[in-house]
file protein_27.csv (CSV, C-alpha atoms)
chain,number,residue,atom,x,y,z
B,22,MET,CA,36.1,-94.8,-40.5
B,23,SER,CA,32.6,-93.4,-40.9
B,24,GLY,CA,29.0,-94.2,-41.8
B,25,ILE,CA,26.1,-93.0,-44.0
B,26,TYR,CA,22.5,-93.0,-42.8
B,27,ILE,CA,19.8,-92.7,-45.5
B,28,HIS,CA,16.3,-91.7,-44.3
B,29,ILE,CA,13.4,-93.0,-46.3
B,30,PRO,CA,10.4,-90.9,-45.1
B,31,PHE,CA,7.5,-92.9,-46.1
B,32,CYS,CA,5.1,-95.3,-44.2
B,33,ARG,CA,1.8,-96.9,-45.0
B,34,LYS,CA,0.3,-95.9,-41.6
B,35,ALA,CA,1.3,-93.8,-38.6
B,36,CYS,CA,2.1,-96.0,-35.6
B,37,LEU,CA,0.5,-95.0,-32.3
B,38,TYR,CA,3.9,-94.1,-30.6
B,39,CYS,CA,6.1,-92.9,-33.5
B,40,ASP,CA,7.5,-89.4,-33.7
B,41,PHE,CA,9.9,-90.0,-36.6
B,42,HIS,CA,9.5,-87.9,-39.7
B,43,PHE,CA,7.5,-89.7,-42.5
B,44,SER,CA,4.6,-89.3,-44.9
B,45,THR,CA,1.9,-91.7,-45.9
B,46,ASN,CA,1.7,-89.9,-49.3
B,47,LEU,CA,4.0,-91.6,-51.8
B,48,ASP,CA,3.1,-89.4,-54.7
B,49,ASN,CA,6.5,-87.7,-54.7
B,50,LYS,CA,8.6,-90.8,-54.0
B,51,LYS,CA,10.6,-90.6,-57.2
B,52,LYS,CA,11.4,-86.9,-56.7
B,53,LEU,CA,12.4,-87.7,-53.1
B,54,VAL,CA,14.8,-90.5,-54.3
B,55,ASP,CA,16.3,-88.1,-56.9
B,56,ALA,CA,16.7,-85.5,-54.2
B,57,ILE,CA,18.5,-87.9,-51.9
B,58,CYS,CA,20.9,-88.9,-54.7
B,59,SER,CA,21.5,-85.2,-55.4
B,60,GLU,CA,22.3,-84.6,-51.7
B,61,ILE,CA,24.8,-87.5,-51.7
B,62,LYS,CA,26.6,-85.8,-54.6
B,63,ILE,CA,26.5,-82.3,-53.0
B,64,ARG,CA,27.9,-83.6,-49.7
B,65,LYS,CA,30.6,-86.0,-51.1
B,66,GLN,CA,33.3,-84.1,-49.2
B,67,TYR,CA,31.5,-84.1,-45.8
B,68,LEU,CA,33.3,-87.2,-44.6
B,69,GLU,CA,36.7,-85.9,-45.8
B,70,ASP,CA,37.5,-89.1,-47.7
B,71,LYS,CA,37.2,-91.3,-44.6
B,72,GLU,CA,36.4,-94.9,-45.5
B,73,VAL,CA,32.7,-95.7,-45.1
B,74,LYS,CA,32.3,-98.9,-43.0
B,75,SER,CA,28.5,-98.8,-42.7
B,76,ILE,CA,25.4,-97.7,-44.6
B,77,TYR,CA,22.0,-97.7,-43.0
B,78,PHE,CA,18.6,-97.4,-44.7
B,79,GLY,CA,16.2,-96.2,-42.0
B,80,GLY,CA,12.8,-94.6,-41.9
B,81,GLY,CA,10.0,-94.5,-42.2
B,82,THR,CA,9.8,-97.7,-44.2
B,83,PRO,CA,12.7,-98.3,-46.6
B,84,SER,CA,11.1,-101.5,-47.9
B,85,LEU,CA,8.6,-99.2,-49.7
B,86,LEU,CA,11.4,-98.5,-52.2
B,87,SER,CA,11.6,-100.5,-55.4
B,88,ILE,CA,14.8,-102.4,-56.3
B,89,GLU,CA,15.5,-99.8,-59.0
B,90,GLU,CA,15.3,-97.0,-56.5
B,91,LEU,CA,17.6,-98.7,-54.0
B,92,GLU,CA,20.0,-99.5,-56.8
B,93,GLN,CA,20.0,-95.9,-57.9
B,94,ILE,CA,20.8,-94.7,-54.3
B,95,LEU,CA,23.5,-97.2,-53.7
B,96,SER,CA,25.1,-96.6,-57.1
B,97,VAL,CA,25.5,-92.9,-56.2
B,98,VAL,CA,26.9,-93.7,-52.8
B,99,HIS,CA,29.6,-95.9,-54.3
B,100,SER,CA,30.4,-93.3,-56.9
B,101,ASN,CA,31.0,-90.6,-54.4
B,102,PHE,CA,32.4,-92.3,-51.3
B,103,ILE,CA,35.1,-94.8,-50.5
B,104,VAL,CA,33.0,-97.7,-49.3
B,105,ASN,CA,34.8,-100.7,-47.7
B,106,PRO,CA,34.1,-103.9,-49.7
B,107,ILE,CA,32.8,-105.6,-46.6
B,108,ALA,CA,30.9,-102.6,-45.2
B,109,GLU,CA,27.8,-103.4,-43.1
B,110,VAL,CA,24.8,-102.4,-45.1
B,111,THR,CA,21.6,-102.4,-43.0
B,112,PHE,CA,18.1,-102.2,-44.3
B,113,GLU,CA,15.0,-101.6,-42.1
B,114,LEU,CA,12.2,-104.0,-43.2
B,115,ASN,CA,8.6,-104.2,-42.1
B,116,PRO,CA,7.3,-107.8,-41.8
B,117,GLU,CA,4.6,-107.3,-44.4
B,118,ASP,CA,7.2,-106.4,-47.0
B,119,ALA,CA,9.2,-109.6,-46.6
B,120,GLU,CA,8.7,-111.1,-50.1
B,121,ILE,CA,11.3,-113.7,-51.1
B,122,ASN,CA,12.2,-112.3,-54.5
B,123,TYR,CA,12.5,-108.7,-53.1
B,124,LEU,CA,14.8,-109.9,-50.4
B,125,ARG,CA,17.0,-111.9,-52.8
B,126,GLU,CA,17.3,-108.8,-55.0
B,127,ILE,CA,18.3,-106.4,-52.3
B,128,ARG,CA,20.9,-108.9,-51.1
B,129,LYS,CA,22.4,-108.8,-54.6
B,130,LEU,CA,22.7,-105.1,-54.2
B,131,GLY,CA,25.0,-105.6,-51.3
B,132,ILE,CA,22.5,-105.2,-48.4
B,133,ASN,CA,23.8,-107.7,-45.9
B,134,ARG,CA,21.9,-106.9,-42.7
B,135,LEU,CA,18.2,-106.6,-41.9
B,136,SER,CA,16.5,-104.8,-39.1
B,137,VAL,CA,12.9,-106.0,-38.9
B,138,GLY,CA,10.3,-104.1,-37.0
B,139,LEU,CA,8.3,-106.9,-35.3
B,140,GLN,CA,7.5,-104.9,-32.1
B,141,SER,CA,5.2,-107.6,-30.7
B,142,PHE,CA,3.7,-111.0,-31.2
B,143,ASN,CA,0.4,-110.1,-29.6
B,144,GLU,CA,-2.3,-109.5,-32.2
B,145,ASP,CA,-4.3,-107.1,-30.0
B,146,GLU,CA,-1.1,-105.1,-29.1
B,147,LEU,CA,-0.1,-104.9,-32.8
B,148,LYS,CA,-3.6,-103.5,-33.7
B,149,TRP,CA,-3.4,-101.1,-30.7
B,150,MET,CA,0.0,-99.9,-32.0
B,151,ASN,CA,-1.6,-99.4,-35.5
B,152,ARG,CA,1.0,-101.7,-37.1
B,153,VAL,CA,0.1,-103.0,-40.5
B,154,HIS,CA,1.4,-106.6,-40.0
B,155,THR,CA,0.1,-109.6,-38.0
B,156,ALA,CA,1.9,-111.8,-35.5
B,157,GLN,CA,2.0,-114.6,-38.1
B,158,GLN,CA,3.7,-112.2,-40.6
B,159,ASN,CA,6.3,-111.6,-37.9
B,160,PHE,CA,7.3,-115.2,-37.9
B,161,ASP,CA,7.0,-115.6,-41.6
B,162,SER,CA,9.2,-112.6,-42.4
B,163,ILE,CA,12.2,-113.9,-40.4
B,164,LYS,CA,11.9,-117.3,-42.1
B,165,THR,CA,11.6,-115.7,-45.5
B,166,ALA,CA,14.7,-113.5,-44.8
B,167,GLN,CA,16.7,-116.5,-43.7
B,168,GLU,CA,15.6,-118.4,-46.8
B,169,ALA,CA,16.7,-115.5,-48.9
B,170,GLY,CA,20.2,-115.9,-47.5
B,171,PHE,CA,20.3,-113.3,-44.7
B,172,ASP,CA,22.3,-114.5,-41.7
B,173,ASN,CA,22.6,-111.1,-39.9
B,174,ILE,CA,19.1,-110.2,-38.8
B,175,SER,CA,18.1,-107.8,-36.0
B,176,ILE,CA,14.6,-107.5,-34.7
B,177,ASP,CA,12.8,-104.7,-32.8
B,178,LEU,CA,10.6,-105.3,-29.8
B,179,ILE,CA,8.8,-102.8,-27.6
B,180,TYR,CA,8.1,-103.2,-23.9
B,181,GLY,CA,6.0,-101.2,-21.5
B,182,SER,CA,2.6,-101.3,-23.1
B,183,LYS,CA,-0.7,-101.9,-21.2
B,184,PHE,CA,-0.8,-105.4,-22.7
B,185,GLN,CA,2.4,-106.6,-20.9
B,186,THR,CA,3.3,-108.3,-17.7
B,187,PRO,CA,6.6,-109.9,-16.7
B,188,GLU,CA,5.1,-113.3,-17.7
B,189,THR,CA,3.8,-112.2,-21.1
B,190,TRP,CA,7.0,-110.3,-21.8
B,191,ARG,CA,9.1,-113.4,-21.0
B,192,LYS,CA,7.0,-115.4,-23.4
B,193,THR,CA,7.5,-112.8,-26.1
B,194,LEU,CA,11.3,-112.9,-25.6
B,195,HIS,CA,11.3,-116.7,-25.9
B,196,MET,CA,9.3,-116.4,-29.2
B,197,ALA,CA,12.0,-114.0,-30.4
B,198,PHE,CA,14.8,-116.4,-29.4
B,199,ASP,CA,13.1,-119.2,-31.3
B,200,LEU,CA,13.5,-117.2,-34.5
B,201,ASN,CA,17.3,-117.6,-34.2
B,202,THR,CA,18.2,-114.1,-35.1
B,203,GLN,CA,21.5,-112.5,-34.2
B,204,HIS,CA,20.5,-109.2,-32.7
B,205,ILE,CA,17.6,-107.7,-30.7
B,206,SER,CA,16.9,-104.0,-30.2
B,207,SER,CA,14.3,-103.5,-27.5
B,208,TYR,CA,12.9,-100.2,-26.5
B,209,ASN,CA,10.8,-99.0,-23.6
B,210,LEU,CA,7.5,-97.5,-24.9
B,211,THR,CA,7.8,-93.7,-24.4
B,212,VAL,CA,5.2,-91.0,-24.9
B,213,GLU,CA,6.6,-88.6,-27.5
B,214,SER,CA,5.2,-85.2,-28.3
B,215,ARG,CA,2.9,-84.9,-31.3
B,216,THR,CA,2.1,-88.6,-31.4
B,217,GLN,CA,-1.3,-90.3,-31.3
B,218,LEU,CA,-0.5,-91.9,-28.0
B,219,GLN,CA,0.2,-88.6,-26.4
B,220,HIS,CA,-3.1,-87.2,-27.7
B,221,LEU,CA,-5.0,-90.2,-26.3
B,222,ILE,CA,-3.4,-89.9,-22.9
B,223,LYS,CA,-4.2,-86.2,-22.8
B,224,GLU,CA,-7.8,-87.1,-23.7
B,225,LYS,CA,-7.9,-89.7,-20.8
B,226,LYS,CA,-8.6,-92.4,-23.4
B,227,GLU,CA,-5.3,-94.2,-22.6
B,228,LYS,CA,-3.3,-94.5,-19.4
B,229,ASP,CA,0.2,-93.2,-19.2
B,230,VAL,CA,3.0,-95.7,-19.4
B,231,ASP,CA,3.6,-97.5,-16.0
B,232,SER,CA,7.2,-96.8,-15.2
B,233,GLU,CA,7.3,-99.3,-12.4
B,234,MET,CA,6.1,-102.1,-14.7
B,235,SER,CA,8.5,-100.9,-17.4
B,236,SER,CA,11.4,-101.3,-14.9
B,237,GLN,CA,10.3,-104.9,-14.1
B,238,LEU,CA,10.1,-105.7,-17.8
B,239,PHE,CA,13.6,-104.2,-18.4
B,240,ASP,CA,15.0,-106.6,-15.7
B,241,VAL,CA,13.3,-109.5,-17.4
B,242,LEU,CA,14.8,-108.4,-20.7
B,243,ILE,CA,18.4,-108.3,-19.3
B,244,GLU,CA,17.9,-111.6,-17.5
B,245,GLU,CA,16.5,-113.5,-20.5
B,246,THR,CA,18.8,-112.2,-23.2
B,247,GLU,CA,21.8,-113.1,-21.0
B,248,LYS,CA,20.5,-116.6,-20.5
B,249,ASN,CA,20.1,-117.0,-24.2
B,250,GLY,CA,23.5,-116.0,-25.3
B,251,PHE,CA,23.0,-112.3,-26.0
B,252,ASN,CA,25.4,-109.6,-24.9
B,253,GLN,CA,23.9,-106.2,-23.8
B,254,TYR,CA,26.4,-103.9,-25.4
B,255,GLU,CA,24.1,-100.8,-25.1
B,256,ILE,CA,21.1,-100.1,-23.0
B,257,SER,CA,18.6,-101.2,-25.7
B,258,ASN,CA,20.8,-103.4,-27.9
B,259,PHE,CA,21.7,-107.1,-27.5
B,260,CYS,CA,23.7,-109.3,-29.8
B,261,LYS,CA,25.1,-112.7,-30.2
B,262,PRO,CA,28.9,-112.9,-30.4
B,263,GLY,CA,30.2,-111.2,-33.5
B,264,PHE,CA,27.0,-109.4,-34.4
B,265,MET,CA,27.2,-106.0,-32.8
B,266,ALA,CA,25.6,-103.4,-35.0
B,267,GLU,CA,28.6,-101.5,-36.5
B,268,HIS,CA,26.6,-98.5,-37.7
B,269,ASN,CA,24.9,-97.7,-34.4
B,270,SER,CA,28.1,-98.4,-32.5
B,271,ASN,CA,29.7,-95.7,-34.5
B,272,TYR,CA,27.2,-93.2,-33.1
B,273,TRP,CA,27.9,-94.3,-29.6
B,274,LYS,CA,31.7,-94.1,-30.2
B,275,GLY,CA,31.4,-90.6,-31.5
B,276,LEU,CA,32.6,-91.3,-35.1
B,277,SER,CA,31.6,-89.2,-38.1
B,278,TYR,CA,28.5,-90.0,-40.1
B,279,LEU,CA,26.6,-88.4,-42.9
B,280,GLY,CA,22.8,-88.3,-42.7
B,281,VAL,CA,20.9,-88.0,-46.0
B,282,GLY,CA,17.2,-87.3,-46.6
B,283,PRO,CA,14.5,-85.2,-44.8
B,284,SER,CA,15.1,-84.8,-41.0
B,285,ALA,CA,18.4,-86.7,-41.2
B,286,HIS,CA,21.3,-85.6,-38.9
B,287,SER,CA,25.0,-85.5,-39.6
B,288,TYR,CA,28.0,-85.3,-37.4
B,289,ASN,CA,31.7,-84.7,-38.2
B,290,GLY,CA,33.3,-84.0,-34.8
B,291,VAL,CA,33.0,-80.3,-35.2
B,292,SER,CA,29.3,-79.6,-35.9
B,293,ARG,CA,25.9,-81.2,-36.3
B,294,ARG,CA,23.6,-80.7,-39.3
B,295,PHE,CA,19.9,-81.2,-39.2
B,296,ASN,CA,18.1,-81.6,-42.5
B,297,VAL,CA,14.7,-79.9,-42.9
B,298,ARG,CA,11.8,-82.0,-41.6
B,299,SER,CA,9.5,-81.8,-44.6
B,300,ASN,CA,9.6,-83.9,-47.8
B,301,THR,CA,8.3,-81.0,-49.9
B,302,GLN,CA,10.7,-78.4,-48.5
B,303,TYR,CA,13.6,-80.8,-48.8
B,304,ILE,CA,12.9,-81.6,-52.4
B,305,GLN,CA,12.4,-77.9,-53.4
B,306,ALA,CA,15.5,-76.8,-51.6
B,307,ILE,CA,17.6,-79.5,-53.3
B,308,GLU,CA,16.1,-78.8,-56.7
B,309,SER,CA,16.7,-75.0,-56.4
B,310,ASP,CA,20.1,-75.3,-54.8
B,311,ASN,CA,19.0,-73.6,-51.6
B,312,PRO,CA,20.0,-74.5,-48.0
B,313,PHE,CA,18.2,-77.6,-46.8
B,314,TYR,CA,19.7,-77.9,-43.3
B,315,GLU,CA,20.6,-76.1,-40.1
B,316,GLU,CA,24.0,-76.4,-38.5
B,317,GLU,CA,25.2,-76.2,-34.9
B,318,ILE,CA,28.9,-75.7,-34.1
B,319,LEU,CA,29.6,-77.8,-31.1
B,320,THR,CA,31.3,-76.2,-28.0
B,321,ALA,CA,33.7,-78.1,-25.7
B,322,ASN,CA,30.8,-78.5,-23.3
B,323,ASP,CA,28.6,-79.9,-26.1
B,324,LYS,CA,31.2,-82.5,-27.1
B,325,TYR,CA,31.9,-83.6,-23.5
B,326,ASN,CA,28.1,-83.9,-22.8
B,327,GLU,CA,27.5,-85.9,-25.9
B,328,TYR,CA,30.4,-88.2,-25.0
B,329,ILE,CA,28.8,-88.8,-21.6
B,330,LEU,CA,25.3,-89.3,-23.0
B,331,THR,CA,26.3,-91.9,-25.6
B,332,ARG,CA,29.2,-93.8,-23.9
B,333,LEU,CA,27.6,-94.2,-20.5
B,334,ARG,CA,24.8,-96.3,-22.2
B,335,THR,CA,27.4,-98.8,-23.6
B,336,GLU,CA,29.5,-101.6,-22.3
B,337,TRP,CA,32.6,-99.5,-23.2
B,338,GLY,CA,31.6,-96.8,-20.7
B,339,CYS,CA,33.3,-93.5,-20.0
B,340,ASP,CA,37.1,-93.6,-19.9
B,341,THR,CA,38.6,-90.9,-17.5
B,342,GLN,CA,41.9,-90.9,-19.3
B,343,GLU,CA,40.0,-90.4,-22.6
B,344,ILE,CA,38.1,-87.5,-21.0
B,345,LYS,CA,41.3,-85.9,-19.9
B,346,ASN,CA,43.0,-86.3,-23.3
B,347,ASN,CA,40.0,-85.1,-25.4
B,348,PHE,CA,38.5,-82.5,-23.2
B,349,GLY,CA,41.1,-81.5,-20.5
B,350,GLU,CA,41.7,-81.7,-16.8
B,351,LYS,CA,38.7,-79.5,-16.0
B,352,TYR,CA,36.2,-81.9,-17.4
B,353,MET,CA,37.9,-85.0,-15.9
B,354,ALA,CA,37.9,-83.4,-12.4
B,355,TYR,CA,34.2,-82.4,-12.8
B,356,PHE,CA,33.3,-85.9,-14.0
B,357,LEU,CA,35.1,-87.6,-11.1
B,358,SER,CA,33.5,-85.2,-8.5
B,359,GLN,CA,30.0,-86.0,-9.8
B,360,LEU,CA,30.4,-89.7,-9.7
B,361,GLU,CA,30.5,-90.0,-5.9
B,362,PRO,CA,26.7,-90.3,-5.2
B,363,TYR,CA,26.3,-93.0,-7.8
B,364,LYS,CA,29.2,-95.0,-6.4
B,365,GLN,CA,27.5,-95.0,-3.0
B,366,LYS,CA,24.2,-96.2,-4.5
B,367,ASN,CA,26.1,-98.9,-6.5
B,368,PHE,CA,24.8,-97.5,-9.8
B,369,ILE,CA,28.2,-97.4,-11.4
B,370,SER,CA,31.2,-99.7,-11.6
B,371,ALA,CA,34.7,-98.3,-11.7
B,372,LYS,CA,37.5,-100.5,-13.1
B,373,HIS,CA,40.8,-98.9,-13.9
B,374,ASN,CA,39.9,-95.8,-15.9
B,375,THR,CA,36.5,-97.1,-17.1
B,376,ILE,CA,33.1,-96.1,-15.6
B,377,THR,CA,30.2,-98.3,-16.6
B,378,LEU,CA,26.6,-98.6,-15.3
B,379,THR,CA,25.7,-101.5,-13.0
B,380,LYS,CA,22.5,-103.5,-13.7
B,381,GLN,CA,20.7,-101.3,-11.2
B,382,GLY,CA,22.3,-98.1,-12.6
B,383,LYS,CA,21.0,-98.9,-16.1
B,384,HIS,CA,17.5,-98.1,-15.0
B,385,PHE,CA,18.6,-94.5,-14.4
B,386,ALA,CA,21.0,-94.1,-17.4
B,387,ASP,CA,19.6,-90.8,-18.7
B,388,GLY,CA,19.2,-89.2,-15.3
B,389,ILE,CA,22.8,-90.2,-14.3
B,390,ALA,CA,24.1,-88.9,-17.6
B,391,SER,CA,22.2,-85.6,-17.2
B,392,ASP,CA,23.8,-85.1,-13.7
B,393,LEU,CA,27.2,-85.6,-15.3
B,394,PHE,CA,26.7,-83.0,-17.9
B,395,TYR,CA,28.8,-79.8,-17.7
B,396,THR,CA,27.1,-76.5,-18.0
B,397,LYS,CA,28.4,-72.9,-17.9
B,398,LYS,CA,27.3,-72.5,-14.2
B,399,ASP,CA,29.7,-75.3,-13.3
B,400,ASP,CA,32.6,-73.0,-14.3
B,401,SER,CA,32.1,-71.1,-11.0
B,402,ASN,CA,33.2,-74.1,-9.1
B,403,ASN,CA,36.7,-73.9,-10.7
B,404,TYR,CA,37.3,-77.6,-11.6
B,405,ALA,CA,40.5,-76.7,-13.4

call {"tool": "encode", "arguments": {"input": "protein_27.csv", "output": "structure tokens"}}
result
Amino acid sequence: MSGIYIHIPFCRKACLYCDFHFSTNLDNKKKLVDAICSEIKIRKQYLEDKEVKSIYFGGGTPSLLSIEELEQILSVVHSNFIVNPIAEVTFELNPEDAEINYLREIRKLGINRLSVGLQSFNEDELKWMNRVHTAQQNFDSIKTAQEAGFDNISIDLIYGSKFQTPETWRKTLHMAFDLNTQHISSYNLTVESRTQLQHLIKEKKEKDVDSEMSSQLFDVLIEETEKNGFNQYEISNFCKPGFMAEHNSNYWKGLSYLGVGPSAHSYNGVSRRFNVRSNTQYIQAIESDNPFYEEEILTANDKYNEYILTRLRTEWGCDTQEIKNNFGEKYMAYFLSQLEPYKQKNFISAKHNTITLTKQGKHFADGIASDLFYTKKDDSNNYA
């Protein structure tokens, strides 16, 4: 079982906080689509004939593609890979692109799940984020998608901006619940390098994100989603029963996936590949049959650390028996030894062989995972 991620690196505008690879220049869009199709053909053996259970169009803004361009890409995918007839096919959509005929047409192509980037219902906050759409377009986009026949819709929301308090955030969440969507991905606003937000903070034109307020908002998020029938199956992801995102879950479960397009990543259990982060360089490399990616062969430490990083964030947690079977006694002994401080703080829950984060521990997920990582210096402690 595996998945395919297709990165569409175009946007109308740069959002204040975004560090994903994209371009606002669409002049080479056709060449880029052709290059993506060529890469799919070139890498048809990457997944070793594993059945593809999920396809994900991300970006950037995939909804800038025409129906013909989407059909071209999907046709090449189906011609070169074994795609499950009921595969989850997700399409990231910006609210301003939710036009009824467009949505009906992409549904005919086999796209059966939408991920809509609402981010906020506050007009001032949307303008501050440099989003193209309005709050009204947020509401309208979901209604239009439902009218077009989509019954598996995820929405993105951001918390932690200067506009939010626990009260306003609670109100935002209830607006989201009223839309009757099946999935919510909600992310804490972070200050990434090379973003406009980072620049404004350095220039003292914006304040840094208030971590204490973000922590309060995270608690509200957990509380309100649970009350409204959503299950938090990953730190930032919440779903109604039966609507867990299969594609992203594959990442967290360590399954193989092929990443296509500029800046896309791939993983096959042995190595990671990172495509070049430039539309022009990517197209030129594909057209001239030159390398368009870098590759990292994963060590045992790398594989163990990635397992910890991804699984600790989920409801499945880290399985000590799985660690022993997949990585060996040394890693299991190390893992168990590092857990003790977090048991005492009630940051983790241990049931049978499974270690998960408590509600309190979820606030420190990345820090806990980092402390559980195994490095070369840990060899001197002889955990074998």

call {"tool": "residues_around", "arguments": {"input": "protein_27.csv", "residues": "B:Gln381", "least_positions_apart": "6", "cutoff": "12 Å", "atoms": "only C-alpha atoms", "output": "list in words"}}
result
Ser236, Gln237, Phe239, Asp240, Ile243, Ile256, Tyr363, Lys364, Lys366, Asn367, Phe368, Ile369, Ser370 and Ile389 of chain B

call {"tool": "closest_atom_pairs", "arguments": {"input": "protein_27.csv", "of": "stretch 213-298 of chain B", "to": "stretch 307-319 of chain B", "cutoff": "7 Å", "atoms": "all atoms listed in the file", "output": "Markdown table"}}
result
| residue | atom | partner | partner_atom | distance |
| --- | --- | --- | --- | --- |
| B:Val291 | CA | B:Leu319 | CA | 5.9 |
| B:Ser292 | CA | B:Ile318 | CA | 4.3 |
| B:Arg293 | CA | B:Glu317 | CA | 5.2 |
| B:Arg294 | CA | B:Glu316 | CA | 4.4 |
| B:Phe295 | CA | B:Glu315 | CA | 5.2 |
| B:Asn296 | CA | B:Tyr314 | CA | 4.1 |
| B:Val297 | CA | B:Tyr314 | CA | 5.4 |

call {"tool": "residues_around", "arguments": {"input": "protein_27.csv", "residues": "B:Ser175", "least_positions_apart": "5", "cutoff": "8 Å", "atoms": "only C-alpha atoms", "output": "mmCIF file with C-alpha atoms, in the coordinates of the input"}}
result
data_model
loop_
_atom_site.group_PDB
_atom_site.id
_atom_site.type_symbol
_atom_site.label_atom_id
_atom_site.label_comp_id
_atom_site.auth_asym_id
_atom_site.auth_seq_id
_atom_site.Cartn_x
_atom_site.Cartn_y
_atom_site.Cartn_z
ATOM 1 C CA ARG B 134 21.900 -106.900 -42.700
ATOM 2 C CA LEU B 135 18.200 -106.600 -41.900
ATOM 3 C CA SER B 136 16.500 -104.800 -39.100
ATOM 4 C CA VAL B 137 12.900 -106.000 -38.900
ATOM 5 C CA THR B 202 18.200 -114.100 -35.100
ATOM 6 C CA GLN B 203 21.500 -112.500 -34.200
ATOM 7 C CA HIS B 204 20.500 -109.200 -32.700
ATOM 8 C CA ILE B 205 17.600 -107.700 -30.700
ATOM 9 C CA SER B 206 16.900 -104.000 -30.200
#

call {"tool": "closest_residue", "arguments": {"input": "protein_27.csv", "among": "B:Asn209, B:Lys248, B:Thr396, B:Arg128", "to": "B:Asp177", "atoms": "only C-alpha atoms"}}
result
B:Asn209

call {"tool": "atom_distance", "arguments": {"input": "protein_27.csv", "atom1": "atom CA of B:Gly282", "atom2": "atom CA of B:His28"}}
result
5.0 Å

call {"tool": "closest_residue", "arguments": {"input": "protein_27.csv", "among": "B:Glu144, B:Leu130, B:Phe31, B:Met353", "to": "B:Asn49", "atoms": "all atoms listed in the file"}}
result
B:Phe31

call {"tool": "closest_residue", "arguments": {"input": "protein_27.csv", "among": "B:Glu327, B:Glu350, B:Asp70, B:Glu120", "to": "B:Phe102", "atoms": "only C-alpha atoms"}}
result
B:Asp70

call {"tool": "closest_residue", "arguments": {"input": "protein_27.csv", "among": "B:Trp190, B:Tyr278, B:Phe264, B:Tyr67", "to": "B:Glu244", "atoms": "only C-alpha atoms"}}
result
B:Trp190

call {"tool": "residues_around", "arguments": {"input": "protein_27.csv", "residues": "B:Val97", "least_positions_apart": "4", "cutoff": "7 Å", "atoms": "all atoms listed in the file", "output": "list in words"}}
result
Cys58, Gln93 and Asn101 of chain B

call {"tool": "residues_around", "arguments": {"input": "protein_27.csv", "residues": "B:Asp199", "least_positions_apart": "3", "cutoff": "12 Å", "atoms": "only C-alpha atoms", "output": "PyMOL selection string"}}
result
chain B and resi 160+163-164+192-196+202-203+249

call {"tool": "residues_near_point", "arguments": {"input": "protein_27.csv", "point": "(22.6, -105.4, -47.8)", "cutoff": "9 Å", "atoms": "only C-alpha atoms", "output": "PDB file with C-alpha atoms, keeping the file's coordinate frame"}}
result
ATOM      1  CA  ILE B  76      25.400 -97.700 -44.600  1.00  0.00           C
ATOM      2  CA  GLU B 109      27.800-103.400 -43.100  1.00  0.00           C
ATOM      3  CA  VAL B 110      24.800-102.400 -45.100  1.00  0.00           C
ATOM      4  CA  THR B 111      21.600-102.400 -43.000  1.00  0.00           C
ATOM      5  CA  PHE B 112      18.100-102.200 -44.300  1.00  0.00           C
ATOM      6  CA  ILE B 127      18.300-106.400 -52.300  1.00  0.00           C
ATOM      7  CA  ARG B 128      20.900-108.900 -51.100  1.00  0.00           C
ATOM      8  CA  LYS B 129      22.400-108.800 -54.600  1.00  0.00           C
ATOM      9  CA  LEU B 130      22.700-105.100 -54.200  1.00  0.00           C
ATOM     10  CA  GLY B 131      25.000-105.600 -51.300  1.00  0.00           C
ATOM     11  CA  ILE B 132      22.500-105.200 -48.400  1.00  0.00           C
ATOM     12  CA  ASN B 133      23.800-107.700 -45.900  1.00  0.00           C
ATOM     13  CA  ARG B 134      21.900-106.900 -42.700  1.00  0.00           C
ATOM     14  CA  LEU B 135      18.200-106.600 -41.900  1.00  0.00           C
ATOM     15  CA  PHE B 171      20.300-113.300 -44.700  1.00  0.00           C
TER      16      PHE B 171
END

call {"tool": "residues_around", "arguments": {"input": "protein_27.csv", "residues": "stretch 179-187 of chain B", "least_positions_apart": "6", "cutoff": "7 Å", "atoms": "only C-alpha atoms", "output": "JSON, numbers by chain"}}
result
{"B": [140, 141, 146, 207, 208, 209, 210, 230, 234, 235, 237, 238, 241]}
